[in-house]
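K.L.:
Okay, here's the structure, questions in a sec.
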Amino acid sequence: MATRADKRSSSTIRPISITTSLLSRDGSASFSFGNTKVICSVNGPAEVKLRDEKLDKATIDVVVRPLVGTPGTKDKTHEYILRSTFEGVIQSGLHPRTQIQIVSQVMMDDGSIIAAAINATTMALIDAGIPMKDIVAAISCVISKDDQILLDPTLQEMENVKSFHTFAFNKTSSSLLFCESLGLFTDDQYFNCYEICNAAASAIFEKMREAVTNKLQEEYHIES
Amino acid sequence: MSNVTNENNINLNTAITFEAETFRRIQPEEYLRRYIQQHVRPDGRSFNHFRKTTVNLSCITTADGSSMVRIGNTTVICGIKAEVSEPNVNFPKEGYLVPNVDLSPICSPRFKPGPPGEQAQVLSENLNKLLKNSRVIDLETLCIEEGKAAWVLFADIVCVNYDGNVFDACVIALMSALMNVRLPEAVYEDGLVKATEEKTIILDLIRISYSASFAMFDGHHLLVDPNEMEESITKDGITVVVDETGQLCNIWKTGSSCSSEQLKTCISKARDRYADITSIIEKAKQAI
């Protein structure tokens with residue numbers, strides 16, 4: 001098996017690190033895949049602007065900030081992705097006429113940034129105690145020029161590829177919530193990526209579970 | 001006295017039943033569900049039925065390439081204007097293709113005047129990614145002189161009437177407008193670009209891809225080509241873009257969960273749709 005520039009095998013995820021409650025918001029978390037890092041903060045349920053008020057559910061407001069410069073169309077697209085993914089997951093019906101604000105700040109972009117943003121948002125929502133039906137994990141992969149599927153690509157690996165895929169799955173039924181696939185690919189390649197990413201998502205769920213357990217043990221001084 | 005009670009009774013009875021239009025306004029989701037249970041959609045279509053699609057080529061004479069696409073009541077116009085500019089320092093051999101989608105208040109009251117809203121930005125970004133990643137056009141063919149001059153194609157897509165599934169309409173409009181582009185032959189001489197209108201070149205497209213969009217209702221009813229009402233209720237969208245060989249160019253899915261079987265159905269339906277759009281565009285080409 002050909003190894004990659006950072007000596008990973010094709011189906012290894014970069015080291016994941018999760019930190020929660022790092023900001024003085026209702027909930028916050030940082031999530032990183034190797035050098036890619038996103039910080040997410042969640043505020044809510046809080047007061048909503050009259051214009052955005054919904055009578056039967058909470059309004060979910062997402063703000064994505066790039067590391068440098070002002071937000072552009074790419075960040076708007078990321079906002080749309082985060083909102084549409086989490087709107088169905090958050091039990092917004094429990095808090096009508098309020099706003100849940102999600103702010104996602106890119107700290108370092110070394111590939112798979114959308115996946116990191118989705119994972120950070122899941123952790124921040126858990127940290128904020130927002131009721132959710134399910135939790136979400138996302139992972140990217142690329143199909144390289146020599147038809148190899150590389151999981152969790154770095155920015156360098158994302159250049160000159162045949163196709164680039166990002167999948168987000170939920171935990172209970174491990175079914176697909178969000179998918180963005182770009183480039184040129186066949187059905188078989190697509191569903192191979194789907195399966196590989198689905199398996200990788202369960203590894204991420206395990207990491208998330210670990211992070212939550214560790215935090216609770218620290219908070220309540222439980223000896224494991 | 002007995003007359004009065006009789007009238008009251010009638011009022012009570014009529015209070016329970018109301019117009020379908022009222023039902024649609026107060027319970028839009030339940031309204032749609034009642035239709036779906038009868039295996040029909042509110043506008044009379046079956047689940048697998050695309051709305052009537054028409055394409056009109058060369059409808060803007062002042063543009064270098066243009067088309068107008070209607071899918072049901074959704075109408076978009078795409079005009080491509082070519083300008084000369086200096087190429088990017090990092091890619092001295094390449095020109096530019098800049099798609100931009102405009103959803104102005106003219107197409108639907110839910111869009112406000114002013115800078116482009118979120119949906120317009122997402123549409124532009126997705127179109128740009130599609131063009132870039134699936135290599136629809138070889139940007140090197142837009143080069144006039146390496147490092148000095150290259151064509152910039154501004155593809156402005158304006159939505160005139162918004163009735164759902166704008167992405168499909170935008171993709172068809174953009175592709176057909178690109179096929180319609182006639183660039184004047186340009187030569188670079190001593191810092192000047194001279195273009196002659198007498199000789200025109202047709203763009204060399206590497207692949208032509210079309211998209212098919214679907215809405216998922218209640219997690220298992222797949223509605224093809226959703227209109228505005230269906231789109232706003234379902235919130236779950238799947239878009240599949242395929243090229244002429246049936247290869248996949250883009251899959252975009254948002255909203256709640258779906259299975260891989262449903263994705264497979266979407267892909268096969270997108271391929272069927274591709275053939276339909278090709279024949280529609282062939283007809284449009286003959287009509288000019």
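In the structure tokens, each chain is lettered A, B, ... as it comes, each chain's residues begin at 1, and ligands are numbered from 1 in order of appearance.
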Which chain B residues have any atom within 8 Å of an atom of chain A, and for each, what is the nearest pair of atoms with distance in Å to one decimal, counting only C-alpha atoms, rows sorted by chain and number, as a Markdown table?
P.N.:
| residue | atom | partner | partner_atom | distance |
| --- | --- | --- | --- | --- |
| B:Glu118 | CA | A:Lys76 | CA | 6.2 |
| B:Gln121 | CA | A:Thr73 | CA | 5.4 |
| B:Val122 | CA | A:Thr77 | CA | 5.0 |
| B:Ser124 | CA | A:Thr73 | CA | 7.9 |
| B:Glu125 | CA | A:Thr73 | CA | 6.2 |
| B:Lys129 | CA | A:Leu182 | CA | 7.4 |
| B:Leu130 | CA | A:Leu182 | CA | 6.8 |
| B:Asn133 | CA | A:Gly183 | CA | 4.6 |
| B:Ser134 | CA | A:Gly183 | CA | 4.5 |
| B:Arg135 | CA | A:Gly183 | CA | 7.9 |
| B:Lys235 | CA | A:Ser84 | CA | 7.9 |
| B:Gln247 | CA | A:Thr186 | CA | 5.6 |
| B:Leu248 | CA | A:Phe185 | CA | 5.3 |
| B:Cys249 | CA | A:Leu184 | CA | 4.8 |
| B:Asn250 | CA | A:Leu182 | CA | 4.8 |
| B:Ile251 | CA | A:Ser181 | CA | 4.9 |
| B:Trp252 | CA | A:Glu180 | CA | 4.6 |
| B:Lys253 | CA | A:Cys179 | CA | 4.9 |
| B:Thr254 | CA | A:Phe178 | CA | 4.8 |
| B:Gly255 | CA | A:Ser84 | CA | 5.2 |
| B:Ser256 | CA | A:Leu177 | CA | 5.2 |
| B:Ser257 | CA | A:Leu177 | CA | 4.6 |
| B:Cys258 | CA | A:Leu176 | CA | 5.4 |
| B:Ser259 | CA | A:Ser175 | CA | 5.9 |
| B:Ser260 | CA | A:Phe191 | CA | 7.9 |
K.L.:
Compile the contact shell of Arg45 in chain B as a VMD selection string: residues with an atom at most 10 Å away, counting only C-alpha atoms, same-chain residues fewer than 6 positions apart removed.
P.N.:
chain B and resid 39 51 223 to 224
K.L.:
Using C-alpha atoms, can you export the residues from the last selection as a compact mmCIF listing (two decimals), in the first residue's frame?
P.N.:
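The result, written out as result.txt:
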# COMPACT_ATOMS: atom_id res chain seq x y z
CA HIS B 39 -49.57 9.35 -5.03
CA ARG B 51 -42.12 19.91 -15.51
CA LEU B 223 -40.23 14.03 -5.71
CA VAL B 224 -38.38 14.96 -8.88
K.L.:
Using only C-alpha atoms, determine which residues lie at most 9 Å from Asp61 in chain A, disregarding the query and same-chain residues fewer than 6 positions distant; provide the list as a list in words.
P.N.:
Glu79, Arg83, Gln99, Ile100, Gln101, Ile102 and Val103 of chain A
K.L.:
Save the residues we just selected, C-alpha atoms, as a JSON list (two decimals), in the first residue's frame?
P.N.:
[["chain", "number", "residue", "atom", "x", "y", "z"],
["A", 79, "GLU", "CA", -23.10, 28.40, 6.63],
["A", 83, "ARG", "CA", -27.59, 25.06, 8.95],
["A", 99, "GLN", "CA", -32.57, 31.68, 18.55],
["A", 100, "ILE", "CA", -29.73, 29.20, 18.63],
["A", 101, "GLN", "CA", -26.63, 30.82, 17.25],
["A", 102, "ILE", "CA", -23.76, 28.77, 15.93],
["A", 103, "VAL", "CA", -20.51, 30.57, 15.20]]
K.L.:
Can you tell me which residues surround Leu178 in chain B at a distance of at most 10 Å, considering only C-alpha atoms, apart from same-chain residues fewer than 6 positions away, and format the answer as a short mmCIF file (atom, residue, chain, number, x, y, z; two decimals) with N, CA and C atoms, in the first residue's frame?
P.N.:
data_model
loop_
_atom_site.label_atom_id
_atom_site.label_comp_id
_atom_site.auth_asym_id
_atom_site.auth_seq_id
_atom_site.Cartn_x
_atom_site.Cartn_y
_atom_site.Cartn_z
N ASP B 64 -22.45 37.65 -25.97
CA ASP B 64 -21.69 36.77 -26.85
C ASP B 64 -22.28 35.36 -26.89
N GLY B 65 -23.10 35.06 -25.93
CA GLY B 65 -23.80 33.79 -25.91
C GLY B 65 -24.91 33.88 -24.90
N SER B 66 -26.07 33.35 -25.21
CA SER B 66 -27.16 33.51 -24.24
C SER B 66 -28.20 32.42 -24.41
N SER B 67 -28.97 32.23 -23.38
CA SER B 67 -30.06 31.26 -23.46
C SER B 67 -31.10 31.59 -22.40
N CYS B 78 -29.56 33.35 -19.09
CA CYS B 78 -28.11 33.39 -18.92
C CYS B 78 -27.50 34.16 -20.08
N GLY B 79 -26.70 35.14 -19.79
CA GLY B 79 -26.00 35.89 -20.82
C GLY B 79 -24.51 35.80 -20.56
N ILE B 80 -23.75 35.52 -21.59
CA ILE B 80 -22.30 35.44 -21.41
C ILE B 80 -21.65 36.58 -22.17
N VAL B 136 -15.51 21.47 -17.24
CA VAL B 136 -16.46 21.61 -18.34
C VAL B 136 -15.77 22.26 -19.54
N ILE B 137 -14.90 23.21 -19.23
CA ILE B 137 -14.22 23.93 -20.31
C ILE B 137 -12.74 23.98 -20.00
N LEU B 153 -14.90 35.18 -19.38
CA LEU B 153 -16.31 35.01 -19.73
C LEU B 153 -17.15 35.25 -18.47
N ALA B 155 -20.50 34.93 -16.97
CA ALA B 155 -21.79 34.27 -17.21
C ALA B 155 -22.77 34.76 -16.15
N ILE B 172 -28.65 24.17 -16.89
CA ILE B 172 -29.04 24.05 -18.30
C ILE B 172 -28.77 25.37 -19.02
N ILE B 202 -16.12 28.99 -31.92
CA ILE B 202 -17.05 28.36 -31.00
C ILE B 202 -16.24 27.76 -29.86
N LEU B 203 -16.76 27.88 -28.65
CA LEU B 203 -16.04 27.34 -27.49
C LEU B 203 -15.95 25.83 -27.58
N ASP B 204 -14.79 25.32 -27.14
CA ASP B 204 -14.58 23.89 -27.17
C ASP B 204 -14.89 23.34 -25.77
N LEU B 205 -16.08 22.77 -25.62
CA LEU B 205 -16.46 22.26 -24.30
C LEU B 205 -15.98 20.81 -24.15
N ILE B 208 -20.37 18.18 -21.35
CA ILE B 208 -21.60 18.93 -21.11
C ILE B 208 -22.34 18.19 -20.01
#
K.L.:
List the neighbours of range 1-11 of chain A out to 9 Å using only C-alpha atoms; skip same-chain residues closer than 4 positions along the sequence, and give me the result as a list in words.
P.N.:
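Counting only the stated atoms, we get Gln148, Ile149, Leu150, Leu151, Asp152, Glu157, Ile196 and Ala200 of chain A.
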K.L.:
Any chance you could list, as JSON, numbers by chain, the residues in range 8-164 of chain B that come up alpha helix (DSSP H) when DSSP is run on the backbone?
P.N.:
{"B": [8, 9, 10, 11, 12, 13, 14, 15, 16, 20, 21, 22, 23, 24, 25, 26, 28, 29, 30, 31, 32, 33, 34, 35, 36, 37, 118, 119, 120, 121, 122, 123, 124, 125, 126, 127, 128, 129, 130, 131, 132, 133]}
